[in-house]
Amino acid sequence: MDAKQRIEELRSILKIEEKRQRAAEVEGEMATPSFWSNESLAQARSRELKNLNDEIKKFDDLNDIAGIASDDEIEVLSDQIAELELLAYFDEPHDGKDAIINFYAGAGGDDAQDWTGMLLAMYLRWAENNSDGAVILSETKGAEAGVKNATIEIRGAHVYGKLKGESGVHRLVRQSPFNAKSLRQTSFALVEVMPEIEASAEIEIDPKDLKVDTYRASGHGGQSVNTTDSAVRITHLPTGIVATCQNERSQLQNKETALKIVRSRIAKLMLDQHKERVEELKGESSSPEWGNQIRSYVLHPYKLVKDHRTGHESSNPDEVLSGNINDFIEADIKWLAINKPGK
């Protein structure tokens, strides 16, 4: 199939005309006087419109060039066409959303916490070049190095669709910097990627099912953050899901963010367990499973990063840990599409 045929096929696969209609609907919503009465929903709609318009513009630009370019000239657009073709894999309800990512250190003390901090830095660096930005929502530092756990938010078009395959256990093999003999150490960390659920209408939670605790925030944030009970921990009692936020000065803002994380974790749990209602999750564990690792990062005695699902490899771990993981992400996306439940 030549480039012009690929572009025309994309019109149908990406449902460009349907997206034009959806963009017009959102623009109509934004024109109503009551649009900003629900600020979180309004912000979500604004980002949705931006993402829709960006995707439509990319297609229209390629289509316009295809109409005037020779066959030889259009072949140089192969990379841009492939980028749009990758969007065809994002056909799940939450794939277009922003992402919230939880990090948890496994057993192994300082080494595991240091490894978790390295993963946190890797995804923050990826976000710098591939998203609209990232923010750390909560972070518990390790005693000597790294982090025990952390939660970040990454915003941008299809960020959840791109990163959802990163969920799972990540394994590091290296010479430990935390013992005098530099013995080889294997460390584990869990990465949990969730779609950001802004609107309460998407996931309805009974307030009676929530336990809200406040406590004094620690770490960065200014004097008022550290001297008032501004940090918030919310527990969803039926599932045991817990979310914390302490990065905002206001207790109310932290509560809203923590509740958003709870909704996002419930949405992820529902996707994983193929449930349609929150009530169906009652009595089921929400603890992350530590099963087999999805990816190994070997720094000693040789250098290799290998994804155990897709088989994709890199012999340059330093580059991968610097946030250059798009090849792994693309392989994940295609693997998830092939292995989707029901196929």
# chains A, B, ... in the order shown; residues from 1 in each chain; ligands from 1

$ select_by_dssp --residues "region 55-125 of chain A" --states "helix (DSSP H, G or I)" --output "PyMOL selection string"
chain A and resi 55-68+71-87+109-125

$ write_last_selection --atoms "C-alpha atoms" --output "PDB file, in the first residue's frame"
ATOM      1  CA  GLU A  55      -5.306  14.964  15.679  1.00  0.00           C
ATOM      2  CA  ILE A  56      -7.600  16.387  12.994  1.00  0.00           C
ATOM      3  CA  LYS A  57      -4.967  18.974  12.012  1.00  0.00           C
ATOM      4  CA  LYS A  58      -2.235  16.320  11.706  1.00  0.00           C
ATOM      5  CA  PHE A  59      -4.463  14.290   9.393  1.00  0.00           C
ATOM      6  CA  ASP A  60      -5.565  17.304   7.349  1.00  0.00           C
ATOM      7  CA  ASP A  61      -1.973  18.498   6.909  1.00  0.00           C
ATOM      8  CA  LEU A  62      -0.858  15.077   5.657  1.00  0.00           C
ATOM      9  CA  ASN A  63      -3.891  14.788   3.415  1.00  0.00           C
ATOM     10  CA  ASP A  64      -3.259  18.247   1.904  1.00  0.00           C
ATOM     11  CA  ILE A  65       0.373  17.404   1.178  1.00  0.00           C
ATOM     12  CA  ALA A  66      -0.662  14.087  -0.381  1.00  0.00           C
ATOM     13  CA  GLY A  67      -2.913  15.964  -2.773  1.00  0.00           C
ATOM     14  CA  ILE A  68      -0.088  18.001  -4.301  1.00  0.00           C
ATOM     15  CA  ASP A  71       4.948   9.803  -5.124  1.00  0.00           C
ATOM     16  CA  ASP A  72       8.660  10.324  -4.375  1.00  0.00           C
ATOM     17  CA  GLU A  73       7.957  13.404  -2.269  1.00  0.00           C
ATOM     18  CA  ILE A  74       5.212  11.824  -0.213  1.00  0.00           C
ATOM     19  CA  GLU A  75       7.362   8.834   0.770  1.00  0.00           C
ATOM     20  CA  VAL A  76       9.414  11.109   3.041  1.00  0.00           C
ATOM     21  CA  LEU A  77       6.267  11.495   5.177  1.00  0.00           C
ATOM     22  CA  SER A  78       6.316   7.840   6.151  1.00  0.00           C
ATOM     23  CA  ASP A  79       7.247   8.574   9.775  1.00  0.00           C
ATOM     24  CA  GLN A  80       4.374  11.049  10.214  1.00  0.00           C
ATOM     25  CA  ILE A  81       1.960   8.567   8.653  1.00  0.00           C
ATOM     26  CA  ALA A  82       3.213   5.815  10.990  1.00  0.00           C
ATOM     27  CA  GLU A  83       2.663   8.149  13.968  1.00  0.00           C
ATOM     28  CA  LEU A  84      -0.970   8.603  12.994  1.00  0.00           C
ATOM     29  CA  GLU A  85      -1.378   4.895  12.285  1.00  0.00           C
ATOM     30  CA  LEU A  86      -0.323   4.209  15.880  1.00  0.00           C
ATOM     31  CA  LEU A  87      -3.347   6.238  17.059  1.00  0.00           C
ATOM     32  CA  GLY A 109      15.573  -1.767  51.186  1.00  0.00           C
ATOM     33  CA  ASP A 110      17.807   0.989  49.833  1.00  0.00           C
ATOM     34  CA  ASP A 111      18.442  -0.717  46.492  1.00  0.00           C
ATOM     35  CA  ALA A 112      14.735  -1.117  45.747  1.00  0.00           C
ATOM     36  CA  GLN A 113      13.957   2.443  46.818  1.00  0.00           C
ATOM     37  CA  ASP A 114      16.820   3.802  44.713  1.00  0.00           C
ATOM     38  CA  TRP A 115      15.525   1.791  41.738  1.00  0.00           C
ATOM     39  CA  THR A 116      12.020   3.177  42.239  1.00  0.00           C
ATOM     40  CA  GLY A 117      13.465   6.685  42.204  1.00  0.00           C
ATOM     41  CA  MET A 118      15.281   5.894  38.956  1.00  0.00           C
ATOM     42  CA  LEU A 119      12.025   4.745  37.354  1.00  0.00           C
ATOM     43  CA  LEU A 120      10.242   7.862  38.591  1.00  0.00           C
ATOM     44  CA  ALA A 121      12.947  10.006  36.973  1.00  0.00           C
ATOM     45  CA  MET A 122      12.738   7.978  33.743  1.00  0.00           C
ATOM     46  CA  TYR A 123       9.023   8.657  33.274  1.00  0.00           C
ATOM     47  CA  LEU A 124       9.394  12.333  34.240  1.00  0.00           C
ATOM     48  CA  ARG A 125      12.075  12.682  31.547  1.00  0.00           C
TER      49      ARG A 125
END

$ closest_atom_pairs --of "region 117-152 of chain A" --to "region 250-268 of chain A" --cutoff "12 Å" --atoms "only C-alpha atoms" --output "Markdown table"
| residue | atom | partner | partner_atom | distance |
| --- | --- | --- | --- | --- |
| A:Val135 | CA | A:Thr257 | CA | 11.8 |
| A:Ile136 | CA | A:Thr257 | CA | 11.5 |
| A:Leu137 | CA | A:Thr257 | CA | 8.1 |
| A:Ser138 | CA | A:Ala258 | CA | 9.6 |
| A:Thr151 | CA | A:Ile261 | CA | 9.1 |
| A:Ile152 | CA | A:Ile261 | CA | 10.0 |

$ atom_distance --atom1 "CA of Tyr297 (chain A)" --atom2 "CA of Gly142 (chain A)"
21.0 Å

$ select_by_dssp --residues "region 76-233 of chain A" --states "strand (DSSP E)" --output "ChimeraX atom specification"
/A:99-105,133-141,147-155,168-175,184-195,210-215,231-233

$ closest_residue --among "A:Gly106, A:Leu172, A:Leu336, A:Gln5" --to "Leu321 (chain A)" --atoms "only C-alpha atoms"
A:Leu172

$ residues_around --residues "region 159-170 of chain A" --least-positions-apart "2" --cutoff "9 Å" --atoms "only C-alpha atoms" --output "JSON, numbers by chain"
{"A": [87, 89, 90, 91, 92, 94, 95, 96, 97, 98, 99, 100, 101, 106, 119, 130, 131, 154, 155, 156, 157, 172, 187, 188, 189, 190, 191, 192, 193, 194, 195, 196, 288, 289, 290, 291, 292, 293, 294, 295, 296, 297, 326, 328, 329, 330, 332, 333, 335, 336]}

$ atom_distance --atom1 "CA of Ser182 (chain A)" --atom2 "CA of Val298 (chain A)"
15.0 Å

$ residues_around --residues "region 228-234 of chain A" --least-positions-apart "4" --cutoff "7 Å" --atoms "only C-alpha atoms" --output "list in words"
Leu210, Lys211, Val212, Asp213, Thr214, Tyr215, Arg216, Ala217, Ser224, Val242, Ala243, Thr244, Cys245, Gln246, Arg249, Ser250, Gln251, Asn254, Lys255, Ala258 and Leu259 of chain A

$ atom_distance --atom1 "CA of Pro238 (chain A)" --atom2 "CA of Ile203 (chain A)"
14.4 Å
